[in-house]
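As structure tokens, the structure follows; a few thoughts come after it.
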Amino acid sequence: MESNIMVSVLCTAYNHEEFIKDAIEGVISQKTDFKYELIIHDDASTDGTAKIIEEYAEKYPGVIRTIFQAENQYQRCNIYKTFLFPSIHGKYVAFCEGDDYWTDPGKLQAQVDVLEDNEQYSMCMHNAVKLNYETGAESLLDTFPQEGIYSQEAQVMAGLGTDFPAFASYVIRASLLEGMPGFFLASKVMDYPLRQYFANCGGVYYLKKPMSVYRVSTPQSYMKKAAENQLFYNNYTVEMIRFFEKFNHYTLGAFSSILKCKIISDYFGFCLSIPETEGLEKAMEMGLDASRVKECYQCLSPKHLDSSILELCRKTEHMFIYGTGRLAPICKAQMEAAGIKAEGFVVSDGQMKADMEDGSHVYYLSGVLKMYRNPGFVLAVQPINAVAVEGVLKKNNIGNYCMPYTVGKEKD
């Protein structure tokens, strides 16, 4: 490593012509008492992204280094592991993907000060603004309620069905990358696994001040691809199942109850995104738990109706399906096949929603509570999200609900 560089900032870009200037400007505007570098990897963009990067690199030759690919590498390897991590010179590593950006010129200095003053800390992150590219809506992530160190269990929970810390907020100790097991970089999604590795290495300090913007629903974003492409989402669930099963083993089962809930959620996701015959074959090929896959398919069958729904039906005349994701229309079809009418779908107040889904109205929870005195809610969400929804219902003193979409021991 070059001793005069304190921080290597890593930026990945692909067809980010609309956003890359914001990402670069946010980095080069940093005010620090140390030297930093910006390494930008362009993955063979087909728009004007590479040209913009070249212009900035020519203007800031002492700060910006570039890696340009002639052919797209995304499906071939982990770009960070293969190209970016081997290129760093800094004592610390920071991140800013090409469609995100930093908003505070004092961000790097504040985070480096925390890490320099506390050798037992492995990482520092901060609050961020979430910006929806499609709607323009902004909100604070507020992953944690206040500034400070949070337990590793809290780090494991953060991002499982909740808003996770923004990747552009991470600053990590570069020296710790050398001992990182390969499975932490085996998935295309890297922010969550990376944070768990560093949380296992030392304290992770959280700054309450928002100092970056995390754009969601951008055209090239991973989660948008996962939402729109069944095969892409299915492959994502395979990667996540493999990661969480290995991470559970790596941490000696310390967070087993939490991780099992996440793992079964991803098994449901796997089954929801591939036909049963094909899914069973792929599960065997990929080394997934075939018995777990079969249980999930059985639970999702149009002819299946969980007994908890029947029990809830006896307690109320007004049944609602909580959620509008992949499980919601399956739940509706199962209830209709059993002759049970759902009044509509429900989402938590403040969430984005359409007026109609699958031919039924979509309501906010507060609206349903105003209309009916004793409504019942079938949580048509994956297990890891059901925990958060259950919290919302309990906060509103609602006891009439059931969580039918889980299998095996997690159902007890």
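For the structure tokens, the naming scheme is as follows: chains receive sequential letters (A, B, ...) according to their order of presentation, residues are indexed from 1 within each chain, and ligands are indexed from 1 in presentation order.
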For Leu393 in chain A, list every protein, DNA or RNA residue within 12 Å, evaluated using only C-alpha atoms, and leave out those in the same chain fewer than 2 positions away; present the list as a VMD selection string. chain A and resid 322 346 to 349 365 to 366 369 375 to 379 386 to 391 395 to 402
Could you please take those selected residues and save N, CA, C and O atoms as a compact mmCIF listing (two decimals), in the first residue's frame?
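Output below, filename again_8.txt:
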```txt
# COMPACT_ATOMS: atom_id res chain seq x y z
N TYR A 322 -52.59 -9.14 4.11
CA TYR A 322 -51.55 -8.13 4.39
C TYR A 322 -50.36 -8.39 3.47
O TYR A 322 -49.69 -9.40 3.56
N VAL A 346 -53.74 -5.14 2.11
CA VAL A 346 -53.38 -4.08 3.05
C VAL A 346 -51.87 -3.91 3.08
O VAL A 346 -51.12 -4.89 3.01
N VAL A 347 -51.42 -2.67 3.19
CA VAL A 347 -50.00 -2.38 3.41
C VAL A 347 -49.89 -1.42 4.59
O VAL A 347 -50.87 -0.75 4.97
N SER A 348 -48.73 -1.36 5.18
CA SER A 348 -48.50 -0.45 6.31
C SER A 348 -48.56 0.99 5.85
O SER A 348 -48.19 1.31 4.72
N ASP A 349 -49.02 1.86 6.71
CA ASP A 349 -49.12 3.29 6.38
C ASP A 349 -47.76 3.83 5.97
O ASP A 349 -46.73 3.53 6.58
N LEU A 365 -53.36 0.33 6.37
CA LEU A 365 -53.85 -0.28 7.61
C LEU A 365 -54.79 0.66 8.35
O LEU A 365 -55.85 0.25 8.84
N SER A 366 -54.41 1.94 8.44
CA SER A 366 -55.23 2.90 9.18
C SER A 366 -56.63 3.02 8.56
O SER A 366 -57.63 3.19 9.27
N LEU A 369 -58.76 0.04 9.65
CA LEU A 369 -59.15 0.15 11.06
C LEU A 369 -60.27 1.17 11.26
O LEU A 369 -61.06 1.05 12.21
N PRO A 375 -61.34 -6.38 12.17
CA PRO A 375 -60.84 -7.04 10.96
C PRO A 375 -59.79 -8.10 11.29
O PRO A 375 -59.16 -8.07 12.35
N GLY A 376 -59.61 -9.03 10.36
CA GLY A 376 -58.58 -10.05 10.50
C GLY A 376 -57.58 -9.93 9.35
O GLY A 376 -57.95 -9.55 8.23
N PHE A 377 -56.32 -10.26 9.61
CA PHE A 377 -55.28 -10.08 8.61
C PHE A 377 -54.48 -11.37 8.41
O PHE A 377 -53.96 -11.95 9.36
N VAL A 378 -54.41 -11.79 7.16
CA VAL A 378 -53.58 -12.93 6.78
C VAL A 378 -52.27 -12.36 6.24
O VAL A 378 -52.27 -11.68 5.22
N LEU A 379 -51.17 -12.64 6.92
CA LEU A 379 -49.89 -12.06 6.53
C LEU A 379 -49.31 -12.85 5.35
O LEU A 379 -48.72 -13.92 5.53
N ALA A 386 -42.63 -10.98 7.92
CA ALA A 386 -43.79 -11.16 8.80
C ALA A 386 -43.50 -10.67 10.21
O ALA A 386 -44.39 -10.16 10.90
N VAL A 387 -42.24 -10.81 10.63
CA VAL A 387 -41.86 -10.34 11.97
C VAL A 387 -42.10 -8.84 12.10
O VAL A 387 -42.64 -8.36 13.10
N ALA A 388 -41.68 -8.08 11.08
CA ALA A 388 -41.86 -6.62 11.11
C ALA A 388 -43.33 -6.25 11.04
O ALA A 388 -43.79 -5.34 11.75
N VAL A 389 -44.10 -6.93 10.19
CA VAL A 389 -45.53 -6.66 10.07
C VAL A 389 -46.24 -6.98 11.38
O VAL A 389 -47.13 -6.23 11.83
N GLU A 390 -45.86 -8.07 12.01
CA GLU A 390 -46.45 -8.43 13.30
C GLU A 390 -46.23 -7.32 14.31
O GLU A 390 -47.12 -7.00 15.11
N GLY A 391 -45.05 -6.70 14.25
CA GLY A 391 -44.77 -5.58 15.15
C GLY A 391 -45.70 -4.40 14.91
O GLY A 391 -46.16 -3.77 15.86
N LYS A 395 -48.46 -2.98 17.59
CA LYS A 395 -48.41 -1.57 17.97
C LYS A 395 -49.79 -0.93 17.85
O LYS A 395 -50.11 0.03 18.56
N ASN A 396 -50.60 -1.47 16.95
CA ASN A 396 -51.98 -0.98 16.77
C ASN A 396 -53.00 -1.80 17.55
O ASN A 396 -54.20 -1.71 17.30
N ASN A 397 -52.48 -2.61 18.49
CA ASN A 397 -53.35 -3.44 19.35
C ASN A 397 -54.24 -4.39 18.56
O ASN A 397 -55.41 -4.60 18.90
N ILE A 398 -53.69 -4.95 17.49
CA ILE A 398 -54.43 -5.88 16.65
C ILE A 398 -53.98 -7.30 16.97
O ILE A 398 -52.79 -7.63 16.85
N GLY A 399 -54.93 -8.15 17.38
CA GLY A 399 -54.61 -9.53 17.70
C GLY A 399 -55.13 -10.53 16.70
O GLY A 399 -54.76 -11.71 16.73
N ASN A 400 -55.99 -10.06 15.80
CA ASN A 400 -56.58 -10.96 14.80
C ASN A 400 -55.70 -11.04 13.55
O ASN A 400 -55.85 -10.27 12.60
N TYR A 401 -54.76 -11.96 13.56
CA TYR A 401 -53.91 -12.14 12.38
C TYR A 401 -53.31 -13.55 12.42
O TYR A 401 -53.29 -14.21 13.46
N CYS A 402 -52.83 -14.00 11.28
CA CYS A 402 -52.14 -15.28 11.21
C CYS A 402 -50.98 -15.17 10.24
O CYS A 402 -50.97 -14.32 9.35
```
Could you please write out, as a VMD selection string, every residue of range 97-345 of chain A that DSSP assigns to strand (DSSP E or B)? chain A and resid 101 to 102 121 to 132 138 to 140 148 to 149 171 to 173 203 to 216 319 to 322 345
When distances are computed from only C-alpha atoms, which of A:Phe144, A:Phe34, A:Tyr56, A:Phe247 shows the smallest separation from Gly90 in chain A? A:Phe34
Taking only residues of range 320-405 of chain A that have an atom at most 8 Å from an atom of range 250-269 of chain A, what is each one's shortest atom pair and its distance in Å to one decimal, using only C-alpha atoms, in chain and number order, as JSON lines?
```
{"residue": "A:Gln382", "atom": "CA", "partner": "A:Ser265", "partner_atom": "CA", "distance": 5.2}
{"residue": "A:Pro383", "atom": "CA", "partner": "A:Ser265", "partner_atom": "CA", "distance": 5.5}
{"residue": "A:Ile384", "atom": "CA", "partner": "A:Lys262", "partner_atom": "CA", "distance": 5.4}
```
Considering only C-alpha atoms, return as a ChimeraX atom specification whatever protein or nucleic-acid residues lie within 7 Å of range 67-79 of chain A, sequence-local ones (same chain, fewer than 5 positions apart) excluded. /A:40-44,84,185,188
Here is a test: counting only C-alpha atoms, which residue of A:Tyr192, A:Phe198, A:Tyr297, A:Phe164 is nearest to Val407 in chain A?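 Ranking A:Tyr192, A:Phe198, A:Tyr297, A:Phe164 by distance to Val407 in chain A, first place goes to A:Tyr297.
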